[in-house]
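Pasting input17.csv here (CSV, C-alpha atoms):
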```csv
chain,number,residue,atom,x,y,z
W,204,MET,CA,107.3,73.3,84.7
W,205,THR,CA,105.9,76.2,82.7
W,206,SER,CA,107.7,77.9,79.8
W,207,PHE,CA,107.2,81.6,79.0
W,208,HIS,CA,107.8,82.5,75.4
W,209,LEU,CA,108.2,85.9,73.7
W,210,SER,CA,107.1,85.6,70.1
W,211,PRO,CA,109.4,86.7,67.3
W,212,ALA,CA,106.8,89.2,66.1
W,213,VAL,CA,106.5,90.9,69.5
W,214,ALA,CA,110.3,90.9,69.9
W,215,ASP,CA,110.7,92.5,66.5
W,216,ALA,CA,108.0,95.2,67.2
W,217,PHE,CA,109.4,96.0,70.6
W,218,PRO,CA,113.1,95.2,70.6
W,219,GLY,CA,113.6,96.9,74.0
W,220,THR,CA,111.3,94.5,75.8
W,221,LEU,CA,112.5,93.2,79.1
W,222,ILE,CA,110.3,91.1,81.4
W,223,ALA,CA,111.3,90.1,84.9
W,224,LEU,CA,109.7,86.8,86.0
W,225,VAL,CA,109.7,86.2,89.7
W,226,THR,CA,108.4,82.8,90.9
W,227,ALA,CA,107.3,81.8,94.4
W,228,THR,CA,106.6,78.2,95.4
W,229,GLY,CA,105.1,77.1,98.7
W,230,LEU,CA,103.5,80.5,99.1
W,231,ARG,CA,101.7,81.1,102.4
W,232,GLY,CA,99.1,83.7,101.6
W,233,ARG,CA,97.1,83.5,104.8
W,234,GLU,CA,99.8,84.4,107.3
W,235,PRO,CA,100.7,88.0,108.2
W,236,TRP,CA,102.9,89.9,105.7
W,237,PRO,CA,104.1,92.9,107.7
W,238,GLN,CA,106.7,94.0,105.2
W,239,THR,CA,104.1,94.3,102.5
W,240,GLY,CA,101.8,96.2,104.8
W,241,GLY,CA,104.6,98.5,105.7
W,242,ALA,CA,105.5,99.1,102.0
W,243,LEU,CA,101.9,100.1,101.2
W,244,GLU,CA,101.6,102.4,104.2
W,245,GLU,CA,104.9,104.1,103.4
W,246,LEU,CA,103.7,104.9,99.9
W,247,GLU,CA,100.4,106.2,101.2
W,248,GLN,CA,102.2,108.4,103.8
W,249,GLN,CA,104.4,109.9,101.1
W,250,VAL,CA,101.5,110.7,98.8
W,251,ALA,CA,99.6,112.3,101.7
W,252,ALA,CA,102.6,114.4,102.5
W,253,GLY,CA,103.2,115.4,98.9
W,254,THR,CA,106.8,114.1,98.9
W,255,TRP,CA,106.2,111.5,96.2
W,256,HIS,CA,103.7,111.0,93.4
W,257,PRO,CA,102.9,108.0,91.2
W,258,ALA,CA,104.2,108.2,87.6
W,259,ASP,CA,101.5,109.5,85.2
W,260,GLU,CA,101.2,109.5,81.4
W,261,THR,CA,103.7,112.3,81.1
W,262,ASP,CA,106.4,110.0,82.5
W,263,PRO,CA,108.5,108.3,79.9
W,264,ARG,CA,107.9,104.9,81.5
W,265,ILE,CA,104.1,105.3,81.1
W,266,GLU,CA,104.3,107.2,77.8
W,267,ALA,CA,106.1,104.2,76.3
W,268,TRP,CA,103.2,101.9,77.1
W,269,HIS,CA,100.7,104.4,75.7
W,270,THR,CA,102.7,104.4,72.4
W,271,ALA,CA,102.8,100.6,72.4
W,272,TYR,CA,99.0,100.3,73.0
W,273,ARG,CA,98.3,102.7,70.1
W,274,SER,CA,100.5,100.6,67.9
W,275,PHE,CA,98.3,97.5,68.3
W,276,GLY,CA,95.0,99.4,68.1
W,277,THR,CA,94.2,100.0,71.8
W,278,ASN,CA,93.3,103.5,73.1
W,279,PRO,CA,95.4,103.8,76.2
W,280,ARG,CA,93.3,106.6,77.7
W,281,ARG,CA,90.2,104.3,77.6
W,282,ILE,CA,92.0,101.0,78.3
W,283,ARG,CA,95.0,101.9,80.4
W,284,PRO,CA,98.2,100.0,81.1
W,285,SER,CA,97.9,98.4,84.6
W,286,VAL,CA,100.5,100.6,86.2
W,287,ASP,CA,98.9,103.8,84.7
W,288,ALA,CA,95.4,102.8,86.0
W,289,LEU,CA,96.9,101.9,89.5
W,290,GLY,CA,98.8,105.2,89.7
W,291,ARG,CA,95.8,107.3,88.7
W,292,ARG,CA,93.6,105.5,91.3
W,293,PHE,CA,96.2,106.0,93.9
W,294,ALA,CA,96.7,109.7,93.1
W,295,LYS,CA,93.0,110.3,93.3
W,296,LYS,CA,92.1,108.3,96.4
W,297,GLY,CA,95.3,108.4,98.3
W,298,THR,CA,95.2,104.7,99.1
W,299,LEU,CA,96.2,101.5,97.4
W,300,PRO,CA,93.8,98.6,97.2
W,301,ARG,CA,94.2,95.7,99.6
W,302,ILE,CA,93.5,92.5,97.6
W,303,ASN,CA,95.6,89.8,99.3
W,304,SER,CA,99.3,89.9,100.4
W,305,ALA,CA,100.8,88.5,97.2
W,306,VAL,CA,98.8,90.9,94.9
W,307,ASP,CA,99.4,93.8,97.3
W,308,SER,CA,103.2,93.1,97.1
W,309,TYR,CA,103.4,93.4,93.3
W,310,ASN,CA,101.1,96.4,93.3
W,311,ALA,CA,103.4,98.2,95.8
W,312,VAL,CA,106.5,97.4,93.7
W,313,SER,CA,104.7,98.3,90.5
W,314,VAL,CA,103.5,101.8,91.5
W,315,ARG,CA,106.7,102.6,93.3
W,316,HIS,CA,108.8,102.0,90.2
W,317,GLY,CA,106.3,102.9,87.5
W,318,LEU,CA,106.5,99.4,85.9
W,319,PRO,CA,103.5,97.2,84.9
W,320,ALA,CA,103.2,94.1,87.0
W,321,GLY,CA,100.9,91.1,87.2
W,322,ALA,CA,100.8,87.5,88.4
W,323,PHE,CA,99.5,84.1,87.4
W,324,ASP,CA,98.6,81.1,89.6
W,325,LEU,CA,100.6,78.5,87.9
W,326,ASP,CA,98.4,75.7,89.2
W,327,HIS,CA,95.7,77.1,86.9
W,328,VAL,CA,97.9,77.7,83.9
W,329,THR,CA,97.5,75.1,81.1
W,330,GLY,CA,100.7,74.2,79.3
W,331,ASP,CA,103.1,77.0,78.4
W,332,VAL,CA,102.5,80.8,78.2
W,333,GLY,CA,103.1,82.8,75.1
W,334,ILE,CA,103.3,86.6,74.7
W,335,HIS,CA,102.1,87.2,71.1
W,336,HIS,CA,99.7,89.0,68.9
W,337,ALA,CA,96.1,87.7,69.1
W,338,ASP,CA,94.3,86.3,66.1
W,339,GLY,CA,90.9,87.2,67.5
W,340,THR,CA,89.6,83.7,68.1
W,341,GLU,CA,91.0,83.4,71.6
W,342,SER,CA,88.8,83.5,74.7
W,343,PHE,CA,89.2,85.7,77.8
W,344,THR,CA,87.3,85.7,81.0
W,345,PRO,CA,88.1,88.9,82.9
W,346,LEU,CA,89.2,89.0,86.5
W,347,GLY,CA,86.1,89.2,88.7
W,348,GLU,CA,83.7,88.3,85.9
W,349,PRO,CA,83.6,84.5,85.8
W,350,ASP,CA,80.5,84.4,83.5
W,351,THR,CA,81.9,86.8,80.9
W,352,VAL,CA,83.7,85.7,77.7
W,353,GLU,CA,85.6,88.2,75.6
W,354,HIS,CA,87.7,87.9,72.5
W,355,PRO,CA,90.8,90.1,71.9
W,356,LYS,CA,91.1,92.1,68.8
W,357,PRO,CA,93.3,90.7,66.1
W,358,GLY,CA,96.8,92.1,66.5
W,359,GLU,CA,96.3,92.9,70.2
W,360,ILE,CA,99.2,91.7,72.3
W,361,ILE,CA,98.2,89.1,74.9
W,362,TYR,CA,99.6,86.6,77.4
W,363,ALA,CA,97.9,83.2,76.6
W,364,ASP,CA,98.2,79.6,77.5
W,365,ALA,CA,96.7,76.5,75.8
W,366,THR,CA,93.3,77.2,77.3
W,367,GLY,CA,92.9,81.0,76.6
W,368,VAL,CA,94.0,84.5,77.2
W,369,LEU,CA,95.7,85.3,80.6
W,370,THR,CA,96.1,89.0,80.1
W,371,ARG,CA,94.5,91.4,77.5
W,372,HIS,CA,96.2,94.4,75.9
W,373,TRP,CA,99.6,93.1,77.1
W,374,ASN,CA,99.1,94.2,80.7
W,375,HIS,CA,95.7,95.9,81.0
W,376,ARG,CA,93.7,93.2,82.8
W,377,ASP,CA,94.3,89.6,84.0
W,378,ALA,CA,92.1,86.6,83.6
W,379,HIS,CA,89.8,85.2,86.3
W,380,ARG,CA,91.0,81.6,85.9
W,381,THR,CA,94.7,82.3,86.8
W,382,ARG,CA,94.0,85.0,89.4
W,383,VAL,CA,96.2,84.9,92.6
W,384,THR,CA,94.3,84.3,95.8
W,385,GLU,CA,95.2,83.8,99.4
W,386,ASP,CA,95.3,80.0,98.7
W,387,SER,CA,97.7,80.2,95.7
W,388,THR,CA,100.9,78.4,96.4
W,389,ARG,CA,102.8,78.5,93.1
W,390,VAL,CA,102.8,81.8,91.4
W,391,ALA,CA,104.7,83.6,88.6
W,392,PHE,CA,104.9,87.4,88.9
W,393,VAL,CA,105.9,89.6,85.9
W,394,LEU,CA,107.4,93.1,85.8
W,395,GLU,CA,107.8,94.7,82.4
W,396,THR,CA,109.6,97.5,80.5
W,397,LEU,CA,109.8,98.3,76.8
W,398,HIS,CA,113.1,100.1,77.3
W,399,ALA,CA,115.6,97.7,78.6
W,400,GLU,CA,118.6,100.0,78.0
W,401,ARG,CA,117.0,102.8,80.0
W,402,ASP,CA,115.1,100.9,82.6
W,403,GLY,CA,116.9,97.6,83.0
W,404,ASP,CA,118.5,98.6,86.3
W,405,LEU,CA,115.1,99.8,87.6
W,406,LEU,CA,113.5,96.6,86.6
W,407,LYS,CA,116.2,94.6,88.5
W,408,LEU,CA,115.7,96.8,91.5
W,409,ALA,CA,111.9,96.2,91.4
W,410,ALA,CA,112.3,92.5,90.9
W,411,ASP,CA,114.7,92.3,93.9
W,412,GLN,CA,112.3,94.2,96.0
W,413,LEU,CA,109.4,91.9,95.1
W,414,LEU,CA,111.6,88.9,95.9
W,415,ASP,CA,112.3,90.4,99.3
W,416,LEU,CA,108.6,90.8,100.0
W,417,LEU,CA,107.8,87.2,98.9
W,418,ALA,CA,110.8,85.3,100.3
W,419,PRO,CA,109.7,85.3,104.0
W,420,HIS,CA,106.4,83.7,103.0
W,421,ALA,CA,107.5,81.1,100.4
W,422,THR,CA,109.5,77.8,100.4
W,423,ARG,CA,111.4,78.9,97.4
W,424,THR,CA,111.7,82.0,95.2
W,425,ALA,CA,113.6,82.6,91.9
W,426,GLY,CA,114.1,85.3,89.3
W,427,TYR,CA,114.4,85.1,85.5
W,428,ARG,CA,114.6,87.5,82.6
W,429,LEU,CA,112.8,87.3,79.3
W,430,SER,CA,113.9,89.4,76.3
W,431,PRO,CA,114.4,89.2,72.5
W,432,ALA,CA,117.9,87.9,73.2
W,433,ARG,CA,116.4,85.2,75.5
W,434,PRO,CA,112.9,84.7,74.3
W,435,GLU,CA,112.1,81.6,76.4
W,436,VAL,CA,112.5,80.7,80.0
W,437,THR,CA,111.2,77.7,82.0
W,438,VAL,CA,110.1,78.3,85.5
```
If you convert what's in this file into structure tokens, what do you get?
Amino acid sequence: MTSFHLSPAVADAFPGTLIALVTATGLRGREPWPQTGGALEELEQQVAAGTWHPADETDPRIEAWHTAYRSFGTNPRRIRPSVDALGRRFAKKGTLPRINSAVDSYNAVSVRHGLPAGAFDLDHVTGDVGIHHADGTESFTPLGEPDTVEHPKPGEIIYADATGVLTRHWNHRDAHRTRVTEDSTRVAFVLETLHAERDGDLLKLAADQLLDLLAPHATRTAGYRLSPARPEVTV
């Protein structure tokens, strides 16, 4: 069992925080995922036809994350929130990346709804996971750079376990150690908003859609919510 904990300081600074946690156990990443493939293709067709566009930094959902990043000393135009970076890449290239089916699933949901998303392979998480301000001594090895070690800036918001940082700048980039691969079988996915009152229903819709994509390829799925009112959940 792994507990996710939202620190009091982060809850006080961002009282509208709402995080949907979606877990999948017995995940089968090497079988075909036709629903996920169809979701990606549908989005790409809509972008090509000009009938839909990803949210950009003028959208209130993205703008809120830019404001949050600035508040803890990160320039969001240089180091972008994950959903902002994904949407910009999609708008420019017209295609979404294909990583693996589990990652592709949360990317499709993330860009569709303009909400940051990520995932952790729970079999590589050490102890519990906290969402808190960094003190600057923590270590982070970026996804795809196994020989690189970084240290977050003091005050930067991070996801971290007992070993180190899992995500820098709240949701900018995930760690290499807990990356989700085709062989990951126990995964926690996160979807986030800073405006629960405005976007709570959207977050629920996004989490439900992610569950629908995961369920045919997992032994068990479940959903949880993390917020200042409920700052700890065990998955």
Any idea what the distance is between CA of Thr351 (chain W) and CA of His375 (chain W)?
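Atom-to-atom, CA of Thr351 (chain W) and CA of His375 (chain W) are spaced 16.5 Å apart.
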Identify which of the residues W:Phe275, W:Phe217, W:Phe207, W:Phe293 lies closest to Glu247 (chain W), counting only C-alpha atoms when measuring atom-to-atom distances.
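Nearest to Glu247 (chain W): W:Phe293.
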Within 12 Å of (116.3, 103.3, 76.5) (file coordinates; all atoms listed in the file), which protein or nucleic acid residues are there? I'd like them as a list in words.
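Result, sorted by chain then residue number: Phe217, Pro218, Gly219, Thr220, Leu221, Pro263, Arg264, Ala267, Thr396, Leu397, His398, Ala399, Glu400, Arg401, Asp402, Gly403, Asp404 and Leu405 of chain W.
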Could you name the residues that touch region 425-430 of chain W at 12 Å or less, counting only C-alpha atoms, but leaving out those on the same chain fewer than 2 positions away, as a count of residues only?
58
Distance query region 231-238 of chain W at most 8 Å, only C-alpha atoms, self and fewer than 4 positions along chain excluded, as a list in words:
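So the residues in contact are Ala242, Asn303, Ser304, Ala305, Thr384, Glu385, Asp386, Ser387, Thr388, Leu416, His420 and Ala421 of chain W.
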Which region 240-277 of chain W residues have any atom within 10 Å of an atom of region 306-325 of chain W, and for each, what is the nearest pair of atoms with distance in Å to one decimal, counting all atoms listed in the file, rows sorted by chain and number, as JSON lines?
```
{"residue": "W:Gly240", "atom": "CA", "partner": "W:Asp307", "partner_atom": "CA", "distance": 8.2}
{"residue": "W:Gly241", "atom": "CA", "partner": "W:Ala311", "partner_atom": "CA", "distance": 10.0}
{"residue": "W:Ala242", "atom": "CA", "partner": "W:Ala311", "partner_atom": "CA", "distance": 6.6}
{"residue": "W:Leu243", "atom": "CA", "partner": "W:Ala311", "partner_atom": "CA", "distance": 5.9}
{"residue": "W:Glu244", "atom": "CA", "partner": "W:Ala311", "partner_atom": "CA", "distance": 9.6}
{"residue": "W:Glu245", "atom": "CA", "partner": "W:Ala311", "partner_atom": "CA", "distance": 9.7}
{"residue": "W:Leu246", "atom": "CA", "partner": "W:Arg315", "partner_atom": "CA", "distance": 7.6}
{"residue": "W:Trp255", "atom": "CA", "partner": "W:Arg315", "partner_atom": "CA", "distance": 9.4}
{"residue": "W:His256", "atom": "CA", "partner": "W:Arg315", "partner_atom": "CA", "distance": 8.9}
{"residue": "W:Pro257", "atom": "CA", "partner": "W:Val314", "partner_atom": "CA", "distance": 6.2}
{"residue": "W:Ala258", "atom": "CA", "partner": "W:Gly317", "partner_atom": "CA", "distance": 5.7}
{"residue": "W:Asp259", "atom": "CA", "partner": "W:Gly317", "partner_atom": "CA", "distance": 8.5}
{"residue": "W:Asp262", "atom": "CA", "partner": "W:Gly317", "partner_atom": "CA", "distance": 8.7}
{"residue": "W:Pro263", "atom": "CA", "partner": "W:Gly317", "partner_atom": "CA", "distance": 9.6}
{"residue": "W:Arg264", "atom": "CA", "partner": "W:Gly317", "partner_atom": "CA", "distance": 6.5}
{"residue": "W:Ile265", "atom": "CA", "partner": "W:Gly317", "partner_atom": "CA", "distance": 7.2}
{"residue": "W:Trp268", "atom": "CA", "partner": "W:Pro319", "partner_atom": "CA", "distance": 9.1}
```
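With distances taken over all atoms listed in the file, W:Glu266 is the one residue among W:Glu266, W:Glu348, W:Leu299, W:Ala271 lying closest to Asp287 (chain W).
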Could you please determine the separation between CA of Asp377 (chain W) and CA of Pro345 (chain W) in Å, to one decimal place?
6.3 Å
Straight-line distance linking CA of Val368 (chain W) with CA of Phe343 (chain W), stated in Å to one decimal
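Going from CA of Val368 (chain W) over to CA of Phe343 (chain W) covers 5.0 Å.
Among the candidate residues W:Gly297, W:Gly276, W:Gly253, W:Gly229, the one lying nearest to Lys356 (chain W) is W:Gly276, with distances computed using all atoms listed in the file.
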